[in-house]
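Structure first, then comments.
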Amino acid sequence: MIKIGFYQFCPTFGDKRANLHKIAEAMGKVEVDLLVLPELCTTGYLFTSQDEVNELAEPIPGPTTLFLENITRRKHCWVVLGMAERDEISKKCYNSAVLIGPDGYTATYRKAHLFFEEKLYFAPGDTPFRVYDLGIAKIGMLVCFDHFFPEATRTLALAGAQIICHPSNLVLPGKGQQITRVRAMENRIFWVLANRYGVEERGGKKLLFTGESQIVAPSGELLAQAPPDREMLQIVEVSPAQADDKKVTAMNDLFADRRPEMYNLMRSRDS
Ligand code: ACM
């Protein structure tokens, strides 16, 4: 059994130092093997210009991953967080998820499916959907709106992911949390949705983030859920190998029963 969890909080826009110290303080109080933090959780979400993104985004590895490495090395744990990445060569910015562990920075996933005005400021991700074997579990990373695209989760599940780590800033009331439950169920995998809560109001725009972070079992059962509007760190014990059993009934195995030869994932308007 391993301890997996989420930390739902309300980042302060633009104050990376304060947000990182908040994370450090929360992590200092708990024992956890794998903790998931929200999307863009060191910078905040509601950017108003490309200059602002360029200034707050960082190379990976960089100062933020170094700061968190000090914690994961000492506590011998894994963290997945969402942060703004700046590629020093291309100068493009990405909305990324980063995996940091007992040996430090490990991997980056760049959000493939950008939501709404993220398209103004971030480049679409170019990293593959990859599974990482942490020794304690095999994990895949998705960022927020990626979960609307079932092919992304399916790719990770077919590659052996047992737990999806899902940093998020969900804003469509009641939708995202349902989708993650369905994705967990239809792939029989664990899912850790780390959502933020609170309001951001900047540049004449306002967003309300929906909280309700959750941990879902391969059966679709909710193992933990946070309230919509409050800070919460929750941890549950799970056995990741449970996600390797794809049986729905004695005669149905979710993966063995697939009919890939009948699926066409290319868009066709004529048929
Ligand atoms: C989202 O992708 N942040 C809704």
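Each chain in the structure tokens gets a letter, A, B, ..., in the order shown, and its residues are numbered from 1; ligands are numbered from 1 in order too.
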Inset, instruction - Kindly compile the residues surrounding ligand 1 within 10 Å, counting only C-alpha atoms and all ligand atoms, and format them as a PyMOL selection string. - result: chain A and resi 38-40+45-46+95+111+113-118+143-148+167-172+176+195-196+209
Inset, instruction - May I have the residues within 6 Å of Phe122 (chain A) as a list in words, using only C-alpha atoms and disregarding those fewer than 3 positions away in the same chain? - result: Cys93, Tyr94, Glu118 and Lys119 of chain A
Kindly save the residues from that selection, with N, CA and C atoms included, as a PDB file, in the first residue's frame.
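The result, written out as out.pdb:
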```pdb
ATOM      1  N   CYS A  93       6.459  29.267 -24.155  1.00  0.00           N
ATOM      2  CA  CYS A  93       6.014  28.920 -22.808  1.00  0.00           C
ATOM      3  C   CYS A  93       5.012  27.784 -22.881  1.00  0.00           C
ATOM      4  N   TYR A  94       5.058  26.909 -21.881  1.00  0.00           N
ATOM      5  CA  TYR A  94       4.175  25.750 -21.815  1.00  0.00           C
ATOM      6  C   TYR A  94       3.481  25.714 -20.457  1.00  0.00           C
ATOM      7  N   GLU A 118      -5.789  30.204 -22.617  1.00  0.00           N
ATOM      8  CA  GLU A 118      -4.421  29.651 -22.511  1.00  0.00           C
ATOM      9  C   GLU A 118      -3.776  29.642 -23.889  1.00  0.00           C
ATOM     10  N   LYS A 119      -4.631  29.529 -24.923  1.00  0.00           N
ATOM     11  CA  LYS A 119      -4.118  29.480 -26.306  1.00  0.00           C
ATOM     12  C   LYS A 119      -3.421  30.776 -26.709  1.00  0.00           C
TER      13      LYS A 119
END
```
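If you measure from each of A:Cys165, A:Ile215, A:Cys77, A:Val199 to Phe13 (chain A) using only C-alpha atoms, the closest one turns out to be A:Val199.
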Give me the residues of region 110-225 of chain A that have any atom at most 12 Å from an atom of region 261-268 of chain A; for each, the nearest atom pair and the distance in Å, rounded to one decimal. Use only C-alpha atoms, sort by chain and number, and format it as CSV.
```
residue,atom,partner,partner_atom,distance
A:Phe149,CA,A:Leu265,CA,11.6
A:Pro150,CA,A:Leu265,CA,11.1
A:Glu151,CA,A:Leu265,CA,8.8
```
Dump of C-alpha atoms for the selected residues, as a PDB file, in the first residue's frame:
```pdb
ATOM      1  CA  PHE A 149     -10.033  13.968 -24.491  1.00  0.00           C
ATOM      2  CA  PRO A 150     -10.516  10.291 -23.628  1.00  0.00           C
ATOM      3  CA  GLU A 151      -7.774   9.248 -26.063  1.00  0.00           C
TER       4      GLU A 151
END
```
Inset, instruction - Name all residues at most 10 Å from Gln234 (chain A) (count only C-alpha atoms; drop same-chain ones fewer than 3 positions away) and give them as number ranges by chain. - result: A: 3-8, 30, 32, 35, 213-215, 223-226
With only C-alpha atoms as the counted atoms, please give the residues lying no more than 12 Å from Arg154 (chain A), apart from itself and same-chain residues fewer than 3 positions off, as an mmCIF file with N, CA and C atoms, in the first residue's frame.
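The resulting file, selection38.cif, is shown below:
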```
data_model
loop_
_atom_site.group_PDB
_atom_site.id
_atom_site.type_symbol
_atom_site.label_atom_id
_atom_site.label_comp_id
_atom_site.auth_asym_id
_atom_site.auth_seq_id
_atom_site.Cartn_x
_atom_site.Cartn_y
_atom_site.Cartn_z
ATOM 1 N N PHE A 129 2.449 11.270 -24.306
ATOM 2 C CA PHE A 129 1.784 10.769 -23.095
ATOM 3 C C PHE A 129 2.587 9.551 -22.638
ATOM 4 N N ARG A 130 3.366 9.737 -21.564
ATOM 5 C CA ARG A 130 4.316 8.703 -21.149
ATOM 6 C C ARG A 130 4.020 8.211 -19.751
ATOM 7 N N VAL A 131 4.300 6.937 -19.529
ATOM 8 C CA VAL A 131 4.115 6.370 -18.193
ATOM 9 C C VAL A 131 5.473 6.306 -17.494
ATOM 10 N N GLY A 140 0.900 8.357 -14.860
ATOM 11 C CA GLY A 140 0.846 9.204 -16.049
ATOM 12 C C GLY A 140 0.396 10.589 -15.611
ATOM 13 N N LEU A 142 -1.562 14.276 -16.701
ATOM 14 C CA LEU A 142 -2.417 15.065 -17.591
ATOM 15 C C LEU A 142 -2.626 16.404 -16.899
ATOM 16 N N ASP A 146 -7.040 18.375 -20.516
ATOM 17 C CA ASP A 146 -6.641 17.128 -21.175
ATOM 18 C C ASP A 146 -7.646 16.002 -20.906
ATOM 19 N N HIS A 147 -8.331 16.076 -19.759
ATOM 20 C CA HIS A 147 -9.218 14.959 -19.412
ATOM 21 C C HIS A 147 -10.491 14.935 -20.258
ATOM 22 N N PHE A 148 -10.769 16.036 -20.978
ATOM 23 C CA PHE A 148 -11.921 16.037 -21.888
ATOM 24 C C PHE A 148 -11.663 15.162 -23.112
ATOM 25 N N PHE A 149 -10.424 14.738 -23.307
ATOM 26 C CA PHE A 149 -10.033 13.968 -24.491
ATOM 27 C C PHE A 149 -9.720 12.542 -24.055
ATOM 28 N N PRO A 150 -10.690 11.632 -24.187
ATOM 29 C CA PRO A 150 -10.516 10.291 -23.628
ATOM 30 C C PRO A 150 -9.324 9.550 -24.214
ATOM 31 N N GLU A 151 -8.919 9.930 -25.424
ATOM 32 C CA GLU A 151 -7.774 9.248 -26.063
ATOM 33 C C GLU A 151 -6.495 9.441 -25.250
ATOM 34 N N ALA A 157 -3.342 4.654 -20.060
ATOM 35 C CA ALA A 157 -3.808 3.402 -19.433
ATOM 36 C C ALA A 157 -3.295 2.186 -20.197
ATOM 37 N N LEU A 158 -3.336 2.268 -21.523
ATOM 38 C CA LEU A 158 -2.843 1.131 -22.327
ATOM 39 C C LEU A 158 -1.340 0.941 -22.156
ATOM 40 N N ALA A 159 -0.646 2.013 -21.819
ATOM 41 C CA ALA A 159 0.808 1.921 -21.590
ATOM 42 C C ALA A 159 1.126 1.506 -20.148
ATOM 43 N N GLY A 160 0.090 1.198 -19.383
ATOM 44 C CA GLY A 160 0.315 0.613 -18.054
ATOM 45 C C GLY A 160 0.168 1.561 -16.884
ATOM 46 N N ALA A 161 -0.319 2.781 -17.120
ATOM 47 C CA ALA A 161 -0.480 3.714 -15.988
ATOM 48 C C ALA A 161 -1.457 3.130 -14.963
ATOM 49 N N GLN A 162 -1.074 3.209 -13.698
ATOM 50 C CA GLN A 162 -1.968 2.764 -12.613
ATOM 51 C C GLN A 162 -2.635 3.959 -11.930
ATOM 52 N N ILE A 164 -3.383 8.235 -12.514
ATOM 53 C CA ILE A 164 -3.257 9.479 -13.285
ATOM 54 C C ILE A 164 -3.120 10.633 -12.285
ATOM 55 N N VAL A 182 -15.425 9.188 -14.564
ATOM 56 C CA VAL A 182 -15.701 8.302 -15.701
ATOM 57 C C VAL A 182 -14.399 7.768 -16.296
ATOM 58 N N ARG A 183 -13.412 8.666 -16.456
ATOM 59 C CA ARG A 183 -12.114 8.224 -17.019
ATOM 60 C C ARG A 183 -11.494 7.126 -16.143
ATOM 61 N N ALA A 184 -11.581 7.295 -14.826
ATOM 62 C CA ALA A 184 -11.022 6.283 -13.919
ATOM 63 C C ALA A 184 -11.740 4.955 -14.123
ATOM 64 N N MET A 185 -13.068 5.034 -14.201
ATOM 65 C CA MET A 185 -13.892 3.825 -14.332
ATOM 66 C C MET A 185 -13.674 3.121 -15.658
ATOM 67 N N GLU A 186 -13.654 3.907 -16.750
ATOM 68 C CA GLU A 186 -13.596 3.279 -18.076
ATOM 69 C C GLU A 186 -12.208 2.727 -18.388
ATOM 70 N N ASN A 187 -11.221 3.106 -17.574
ATOM 71 C CA ASN A 187 -9.865 2.566 -17.746
ATOM 72 C C ASN A 187 -9.418 1.715 -16.554
ATOM 73 N N ARG A 188 -10.239 1.680 -15.539
ATOM 74 C CA ARG A 188 -9.945 0.994 -14.278
ATOM 75 C C ARG A 188 -8.564 1.384 -13.740
ATOM 76 N N ILE A 189 -8.431 2.661 -13.458
ATOM 77 C CA ILE A 189 -7.200 3.208 -12.913
ATOM 78 C C ILE A 189 -7.526 4.152 -11.748
ATOM 79 N N LEU A 254 -11.779 -5.119 -19.671
ATOM 80 C CA LEU A 254 -11.909 -3.846 -20.400
ATOM 81 C C LEU A 254 -10.941 -3.695 -21.557
ATOM 82 N N PHE A 255 -9.732 -4.202 -21.383
ATOM 83 C CA PHE A 255 -8.751 -4.030 -22.442
ATOM 84 C C PHE A 255 -8.815 -5.173 -23.457
ATOM 85 N N ARG A 258 -11.625 -4.770 -26.082
ATOM 86 C CA ARG A 258 -11.614 -3.640 -27.035
ATOM 87 C C ARG A 258 -11.621 -4.155 -28.467
#
```
May I have all residues of region 127-159 of chain A that DSSP, computed from the backbone, assigns to helix (DSSP H, G or I), given as a compact mmCIF listing (two decimals) with N, CA, C and O atoms, in the first residue's frame?
```txt
# COMPACT_ATOMS: atom_id res chain seq x y z
N CYS A 144 -5.42 19.36 -16.41
CA CYS A 144 -6.77 19.91 -16.50
C CYS A 144 -7.54 19.47 -17.76
O CYS A 144 -7.90 18.31 -17.88
N PHE A 145 -7.73 20.37 -18.73
CA PHE A 145 -8.63 20.14 -19.87
C PHE A 145 -8.25 18.87 -20.67
O PHE A 145 -9.09 18.34 -21.41
N ASP A 146 -7.04 18.38 -20.52
CA ASP A 146 -6.64 17.13 -21.17
C ASP A 146 -7.65 16.00 -20.91
O ASP A 146 -7.77 15.07 -21.71
N HIS A 147 -8.33 16.08 -19.76
CA HIS A 147 -9.22 14.96 -19.41
C HIS A 147 -10.49 14.94 -20.26
O HIS A 147 -11.23 13.95 -20.26
N PHE A 148 -10.77 16.04 -20.98
CA PHE A 148 -11.92 16.04 -21.89
C PHE A 148 -11.66 15.16 -23.11
O PHE A 148 -12.58 14.92 -23.91
N PRO A 150 -10.69 11.63 -24.19
CA PRO A 150 -10.52 10.29 -23.63
C PRO A 150 -9.32 9.55 -24.21
O PRO A 150 -8.75 8.67 -23.56
N GLU A 151 -8.92 9.93 -25.42
CA GLU A 151 -7.77 9.25 -26.06
C GLU A 151 -6.49 9.44 -25.25
O GLU A 151 -5.62 8.57 -25.25
N ALA A 152 -6.38 10.61 -24.59
CA ALA A 152 -5.15 10.88 -23.82
C ALA A 152 -5.05 9.92 -22.63
O ALA A 152 -4.02 9.28 -22.42
N THR A 153 -6.15 9.81 -21.89
CA THR A 153 -6.14 8.88 -20.76
C THR A 153 -5.96 7.45 -21.23
O THR A 153 -5.22 6.66 -20.65
N ARG A 154 -6.65 7.09 -22.32
CA ARG A 154 -6.58 5.71 -22.83
C ARG A 154 -5.15 5.36 -23.21
O ARG A 154 -4.67 4.25 -22.94
N THR A 155 -4.45 6.33 -23.84
CA THR A 155 -3.06 6.10 -24.24
C THR A 155 -2.22 5.75 -23.00
O THR A 155 -1.42 4.80 -23.01
N LEU A 156 -2.42 6.52 -21.93
CA LEU A 156 -1.65 6.27 -20.71
C LEU A 156 -2.04 4.94 -20.07
O LEU A 156 -1.20 4.17 -19.61
N ALA A 157 -3.34 4.65 -20.06
CA ALA A 157 -3.81 3.40 -19.43
C ALA A 157 -3.29 2.19 -20.20
O ALA A 157 -2.85 1.20 -19.60
N LEU A 158 -3.34 2.27 -21.52
CA LEU A 158 -2.84 1.13 -22.33
C LEU A 158 -1.34 0.94 -22.16
O LEU A 158 -0.82 -0.16 -22.32
```
Inset, instruction - Using only C-alpha atoms, pick whichever of A:Thr12, A:Lys22, A:Lys138, A:Pro218 has the shortest atom-to-atom distance to Lys247 (chain A). - result: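 Of the candidates, the smallest distance to Lys247 (chain A) is held by A:Pro218.
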Legend entry - Nearest candidate to Tyr109 (chain A) (options A:Gly204, A:Gly135, A:Gly44, A:Gly82; using only C-alpha atoms):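 Result for the nearest residue to Tyr109 (chain A): A:Gly82.
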Inset, instruction - Determine which residues of region 21-237 of chain A receive a DSSP assignment of strand (DSSP E), computed from the backbone, and state them as a PyMOL selection string. - result: chain A and resi 34-36+78-86+93-101+104-110+131-133+138-141+163-168+190-195+197-202+205-210+214-216+222-225+232-237
Inset, instruction - For CA of Glu31 (chain A) and CA of Lys75 (chain A), determine how far apart the two atoms are, in Å to one decimal place. - result: 8.0 Å
Inset, instruction - Would you mind telling me which residue in A:Gly28, A:Gly125, A:Gly220, A:Gly203 lies nearest to Asp87 (chain A) when using only C-alpha atoms? - result: A:Gly125
Legend entry - Proximity to Tyr105 (chain A) - best of A:Gln177, A:Leu66, A:Lys92, A:Pro128, only C-alpha atoms: A:Leu66
